[in-house]
Amino acid sequence: MLREAVYHVAHGSFAYPVSEDTLRLTLRTARADIQKAAVLYQDRYGDFEPSVATMEVAAEDELFSFYQVDVQLDTKRFRYVFFLDDGKQAVFYTEKGFFDDVPPNTQFHYPYIALRDLWEPPKWAQGAVIYQIFPERFANGDPRNDPPNVEAWDALPQVTSQKGGDLRGVIERFDHLVDLGVDVIYLTPIFEAPSNHKYDTVDYYSIDPHFGDEQTVRELIKLAHEHDVKVVFDAVFNHSGFGFFAFQDVLEKGEGSPFAHWFNIESFPVETDPPNYETFADQIATMPKLMTHQTDVKDYFLDVGRYWVREFAIDGWRLDVANEIDHQFWREFRQAIKAENPEALIVGELWHEASEWVRGDQFDSVMNYSLQYACLDFFAKRTIRARSFANRLAKVQINQAQTVNLAMFNLLGSHDTERFLTSCGGDLSKFALAVAFQLTYEGAPLIYYGDEVGMVGRNDPDCRRGMIWDPKAQNLDLLKWYQSLIALRREHPVLRCGQCRTVWADSTTNVYGFVRFDRERQVLILLNNQGKSQSINVAEVRWPVALPKQVQ
């Protein structure tokens with residue numbers, strides 16, 4: 001037994017409540033090193049014999065196996081140890097180490113399931129189908145509000161291109177979203193800003209006039225809610241635009257500005273070429289970084305967050321560059337937003353492992369770029385095979401609670417990436433296979449506008465082309481594929497909210513399979529990434545619940 005690999009802590013994703021009296025425990029061991037794992041658990045204050053629960057492998061990567069089990073006590077107070085048997089040696093694993101028996105005061109303790117710690121992302125977001133809209137490129141519904149020098153809709157975009165897309169266009173094309181079957185629309189920023197992407201915000205309280213006005217926003221949200229579709233806004237509090245009132249005041253008054261401390265300015269006067277102040281990314285002068293740890297800066301942006309939830313009934317926020325803002329800001333932001341609407345969704349943009357942000361005190365979910373990278377390598381590039389793909393997924397899955405995994409924004413592409421079909425070299429079979437995975441796997445699949453009709457494009461700005469609306473130019477077979485898979489999710493709720501377990505990962509055949517399951521149902525999804533027909537015996541699959549009658 002490789003004892004160095006065994007690990008558990010009584011908090012985080014290794015011990016968390018799934019109901020008022022039930023705890024989910026996760027234990028890590030070396031991969032395939034243990035023949036039996038069990039947990040012995042009892043009330044922290046009880047003298048009775050402990051109950052025993054056998055653990056099962058929930059996920060595996062290239063190094064570790066992760067065992068899980070749910071344990072229940074009416075008293076909600078747990079102490080426990082693990083029993084491990086590798087066929088050669090049997091030991092107890094405790095908070096104090098490994099023993100042949102269980103000495104006093106060595107158990108792990110989960111003191112009490114407090115109701116405030118029993119949290120989950122909003123139910124409506126778990127397994128929801130998200131549709132991301134880049135408003136400037138989705139549809140032009142009102143040419144009267146077009147910015148100057150609008151280029152042809154079908155022209156390949158440049159960095160500063162303007163095409164005239166607006167919120168009226170989203171309203172006029174809303175039937176497309178209904179027919180597709182989406183549950184949520186996520187709009188990239190729509191606040192006043194000079195760029196086409198609007199991540200350089202000038203006024204956080206005003207709709208960009210080239211997109212519409214407050215009345216247009218209310219009309220769109222009303223229309224969406226009438227169709228049971230949620231609306232998520234996008235905001236960036238890490239930095240502002242160059243024209244933001246506070247930064248303009250600093251430019252005018254220098255060190256004497258009451259807003260000078262809102263930014264990290266090295267010296268005065270302020271210089272912009274190159275900037276002598278901290279910015280987003282690498283010296284982007286038009287995006288000065290905000291000092292959100294300052295009380296008045298924090299208060300300003302907390303009020304922005306509250307305002308749009310309270311006054312316009314938006315259903316949540318997607319937050320740009322979220323990992324470059326301090327955790328305390330996000331804790332207070334969550335409290336402010338949830339006070340306005342406990343069912344509002346809060347999603348952070350993070351491109352890496354994000355478990356520290358989704359513990360119930362900051363975000364409900366994040367953009368799941370870790371999964372996107374894995375899909376890119378497995379389906380599009382085919383630089384990894386099925387076992388490596390499964391390993392990558394396990395690393396993501398095991399780091400969060402299941403309800404968080406159900407709400408993760410599982411994207412194949414976005415406005416910041418190459419179009420996935422382009423990454424596939426235009427190979428529709430590769431793309432369709434990735435879509436089948438995305439729309440059946442655990443999480444909230446995010447469709448980037450136009451992917452469903454076969455849009456292509458290299459990295460920004462090419463991935464931000466005008467939406468294809470001419471049916472003759474759309475890939476209608478691909479659109480039907482999306483619609484059928486989304487309909488399948490609706491027909492089988494287990495595909496939306498069931499647990500998920502990898503059950504097949506054969507790198508020789510390059511077939512990957514997983515089961516979505518609950519106590520009553522199991523759905524097996526097998527993905528053949530080999531490019532030729534193959535067969536497997538489904539009776540050999542490690543079914544999580546029991547071998548279904550259909551394959552006995």
# chains A, B, ... in the order shown; residues from 1 in each chain; ligands from 1
call {"tool": "residues_around", "arguments": {"residues": "segment 275-292 of chain A", "least_positions_apart": "6", "cutoff": "6 Å", "atoms": "only C-alpha atoms", "output": "PDB file with N, CA and C atoms, in the first residue's frame"}}
result
ATOM      1  N   ASN A 238     -12.533  44.316 -12.404  1.00  0.00           N
ATOM      2  CA  ASN A 238     -11.081  44.317 -12.263  1.00  0.00           C
ATOM      3  C   ASN A 238     -10.465  45.590 -12.811  1.00  0.00           C
ATOM      4  N   HIS A 239     -11.070  46.109 -13.858  1.00  0.00           N
ATOM      5  CA  HIS A 239     -10.569  47.337 -14.482  1.00  0.00           C
ATOM      6  C   HIS A 239     -11.746  48.082 -15.095  1.00  0.00           C
ATOM      7  N   SER A 240     -11.534  49.337 -15.333  1.00  0.00           N
ATOM      8  CA  SER A 240     -12.549  50.159 -15.989  1.00  0.00           C
ATOM      9  C   SER A 240     -12.069  50.522 -17.384  1.00  0.00           C
ATOM     10  N   GLY A 241     -12.893  51.274 -18.080  1.00  0.00           N
ATOM     11  CA  GLY A 241     -12.465  51.848 -19.344  1.00  0.00           C
ATOM     12  C   GLY A 241     -11.766  53.176 -19.114  1.00  0.00           C
ATOM     13  N   PHE A 242     -11.095  53.647 -20.141  1.00  0.00           N
ATOM     14  CA  PHE A 242     -10.359  54.910 -20.061  1.00  0.00           C
ATOM     15  C   PHE A 242     -11.293  56.076 -19.762  1.00  0.00           C
ATOM     16  N   TRP A 262      -8.336  55.062  -6.337  1.00  0.00           N
ATOM     17  CA  TRP A 262      -9.094  54.019  -7.021  1.00  0.00           C
ATOM     18  C   TRP A 262      -8.204  53.241  -7.991  1.00  0.00           C
ATOM     19  N   PHE A 263      -7.009  53.785  -8.276  1.00  0.00           N
ATOM     20  CA  PHE A 263      -6.106  53.177  -9.238  1.00  0.00           C
ATOM     21  C   PHE A 263      -4.713  53.100  -8.629  1.00  0.00           C
ATOM     22  N   ASN A 264      -3.865  52.292  -9.197  1.00  0.00           N
ATOM     23  CA  ASN A 264      -2.495  52.145  -8.717  1.00  0.00           C
ATOM     24  C   ASN A 264      -1.574  52.917  -9.649  1.00  0.00           C
ATOM     25  N   ILE A 265      -1.368  54.187  -9.324  1.00  0.00           N
ATOM     26  CA  ILE A 265      -0.612  55.102 -10.183  1.00  0.00           C
ATOM     27  C   ILE A 265       0.791  55.277  -9.603  1.00  0.00           C
ATOM     28  N   GLU A 266       1.790  55.050 -10.423  1.00  0.00           N
ATOM     29  CA  GLU A 266       3.173  55.078  -9.948  1.00  0.00           C
ATOM     30  C   GLU A 266       3.651  56.490  -9.630  1.00  0.00           C
ATOM     31  N   LYS A 298     -14.928  49.416  -3.510  1.00  0.00           N
ATOM     32  CA  LYS A 298     -15.740  48.221  -3.254  1.00  0.00           C
ATOM     33  C   LYS A 298     -17.211  48.582  -3.154  1.00  0.00           C
TER      34      LYS A 298
END
call {"tool": "residues_around", "arguments": {"residues": "segment 55-64 of chain A", "least_positions_apart": "5", "cutoff": "8 Å", "atoms": "only C-alpha atoms", "output": "MDAnalysis selection string"}}
result
chainID A and resid 5 28:32 36:39 69 388 390:392 394:395 397:398 501:502
call {"tool": "select_by_dssp", "arguments": {"residues": "segment 355-401 of chain A", "states": "alpha helix (DSSP H)", "output": "ChimeraX atom specification"}}
result
/A:369-375,386-397
call {"tool": "write_last_selection", "arguments": {"atoms": "N, CA and C atoms", "output": "short mmCIF file (atom, residue, chain, number, x, y, z; two decimals), in the first residue's frame"}}
result
data_model
loop_
_atom_site.label_atom_id
_atom_site.label_comp_id
_atom_site.auth_asym_id
_atom_site.auth_seq_id
_atom_site.Cartn_x
_atom_site.Cartn_y
_atom_site.Cartn_z
N TYR A 369 -12.89 26.29 -18.19
CA TYR A 369 -11.87 26.20 -19.22
C TYR A 369 -11.00 24.95 -19.06
N SER A 370 -10.90 24.41 -17.86
CA SER A 370 -10.14 23.16 -17.69
C SER A 370 -10.77 22.05 -18.52
N LEU A 371 -12.09 21.98 -18.53
CA LEU A 371 -12.78 21.00 -19.36
C LEU A 371 -12.61 21.35 -20.83
N GLN A 372 -12.66 22.64 -21.16
CA GLN A 372 -12.51 23.06 -22.56
C GLN A 372 -11.16 22.64 -23.12
N TYR A 373 -10.11 22.81 -22.33
CA TYR A 373 -8.78 22.39 -22.77
C TYR A 373 -8.75 20.89 -23.04
N ALA A 374 -9.37 20.11 -22.15
CA ALA A 374 -9.39 18.66 -22.32
C ALA A 374 -10.14 18.27 -23.60
N CYS A 375 -11.28 18.92 -23.85
CA CYS A 375 -12.05 18.63 -25.07
C CYS A 375 -11.26 19.02 -26.31
N ALA A 386 -8.19 8.32 -24.82
CA ALA A 386 -9.34 8.24 -23.91
C ALA A 386 -8.94 8.23 -22.44
N ARG A 387 -7.89 7.47 -22.08
CA ARG A 387 -7.51 7.40 -20.67
C ARG A 387 -7.01 8.75 -20.17
N SER A 388 -6.22 9.43 -20.98
CA SER A 388 -5.74 10.76 -20.58
C SER A 388 -6.89 11.75 -20.47
N PHE A 389 -7.85 11.63 -21.37
CA PHE A 389 -9.04 12.49 -21.31
C PHE A 389 -9.78 12.26 -20.00
N ALA A 390 -9.98 11.01 -19.65
CA ALA A 390 -10.66 10.68 -18.39
C ALA A 390 -9.88 11.22 -17.19
N ASN A 391 -8.56 11.12 -17.25
CA ASN A 391 -7.74 11.65 -16.16
C ASN A 391 -7.94 13.14 -15.99
N ARG A 392 -7.99 13.85 -17.10
CA ARG A 392 -8.17 15.31 -17.05
C ARG A 392 -9.53 15.66 -16.46
N LEU A 393 -10.55 14.95 -16.87
CA LEU A 393 -11.89 15.21 -16.35
C LEU A 393 -11.96 14.93 -14.85
N ALA A 394 -11.28 13.89 -14.41
CA ALA A 394 -11.31 13.53 -12.99
C ALA A 394 -10.73 14.65 -12.14
N LYS A 395 -9.67 15.27 -12.61
CA LYS A 395 -9.05 16.36 -11.84
C LYS A 395 -10.03 17.51 -11.63
N VAL A 396 -10.85 17.77 -12.64
CA VAL A 396 -11.85 18.84 -12.52
C VAL A 396 -12.98 18.39 -11.60
N GLN A 397 -13.47 17.19 -11.83
CA GLN A 397 -14.67 16.71 -11.14
C GLN A 397 -14.47 16.59 -9.64
#
call {"tool": "residues_around", "arguments": {"residues": "segment 161-168 of chain A", "least_positions_apart": "6", "cutoff": "7 Å", "atoms": "only C-alpha atoms", "output": "count of residues only"}}
result
20
call {"tool": "closest_residue", "arguments": {"among": "A:Val515, A:Val9, A:Cys463, A:Ile525", "to": "Phe437 of chain A", "atoms": "only C-alpha atoms"}}
result
A:Ile525
call {"tool": "closest_residue", "arguments": {"among": "A:Arg359, A:Lys532, A:Arg465, A:Arg419", "to": "Phe134 of chain A", "atoms": "only C-alpha atoms"}}
result
A:Arg465
call {"tool": "closest_residue", "arguments": {"among": "A:Val511, A:His11, A:Asp361, A:His225", "to": "Ala313 of chain A", "atoms": "only C-alpha atoms"}}
result
A:His225
call {"tool": "residues_around", "arguments": {"residues": "Val538 of chain A", "least_positions_apart": "5", "cutoff": "12 Å", "atoms": "only C-alpha atoms", "output": "NGL selection string"}}
result
:A and (503-504 or 513-515 or 523-526 or 543 or 547-552)
call {"tool": "atom_distance", "arguments": {"atom1": "atom CA of Ala246 of chain A", "atom2": "atom CA of His261 of chain A"}}
result
9.9 Å
call {"tool": "closest_atom_pairs", "arguments": {"of": "segment 295-335 of chain A", "to": "segment 248-259 of chain A", "cutoff": "12 Å", "atoms": "only C-alpha atoms", "output": "Markdown table"}}
result
| residue | atom | partner | partner_atom | distance |
| --- | --- | --- | --- | --- |
| A:Thr295 | CA | A:Phe259 | CA | 11.9 |
| A:Asp296 | CA | A:Phe259 | CA | 9.3 |
| A:Val297 | CA | A:Phe259 | CA | 8.9 |
| A:Tyr300 | CA | A:Phe259 | CA | 11.9 |
call {"tool": "atom_distance", "arguments": {"atom1": "atom CA of Phe517 of chain A", "atom2": "atom CA of Ile185 of chain A"}}
result
27.1 Å
call {"tool": "select_by_dssp", "arguments": {"residues": "segment 270-356 of chain A", "states": "strand (DSSP E)", "output": "list in words"}}
result
Gly316, Trp317, Arg318, Leu319, Leu345, Ile346, Val347 and Gly348 of chain A
call {"tool": "atom_distance", "arguments": {"atom1": "atom CA of Asn475 of chain A", "atom2": "atom CA of Arg496 of chain A"}}
result
26.1 Å
call {"tool": "residues_around", "arguments": {"residues": "Arg519 of chain A", "least_positions_apart": "6", "cutoff": "12 Å", "atoms": "only C-alpha atoms", "output": "PyMOL selection string"}}
result
chain A and resi 494+497-499+544-546
call {"tool": "write_last_selection", "arguments": {"atoms": "C-alpha atoms", "output": "CSV table (one decimal), in the first residue's frame"}}
result
chain,number,residue,atom,x,y,z
A,494,VAL,CA,-30.8,12.4,-15.1
A,497,CYS,CA,-28.9,16.6,-12.6
A,498,GLY,CA,-27.7,13.0,-12.2
A,499,GLN,CA,-24.3,12.0,-10.9
A,544,PRO,CA,-22.6,2.6,-10.8
A,545,VAL,CA,-26.0,1.3,-9.6
A,546,ALA,CA,-26.5,-2.3,-10.9
call {"tool": "residues_around", "arguments": {"residues": "Ala344 of chain A", "least_positions_apart": "3", "cutoff": "9 Å", "atoms": "only C-alpha atoms", "output": "NGL selection string"}}
result
:A and (121-122 or 232 or 309 or 314-317 or 337-338 or 340-341)
call {"tool": "residues_around", "arguments": {"residues": "segment 228-231 of chain A", "least_positions_apart": "4", "cutoff": "12 Å", "atoms": "only C-alpha atoms", "output": "VMD selection string"}}
result
chain A and resid 122 124 to 125 128 to 133 170 174 to 175 177 to 178 180 to 188 217 to 224 308 to 309 312 to 318 343 to 346
call {"tool": "closest_residue", "arguments": {"among": "A:Gln215, A:Gln522, A:Ser19, A:Gln402", "to": "Glu311 of chain A", "atoms": "only C-alpha atoms"}}
result
A:Gln215
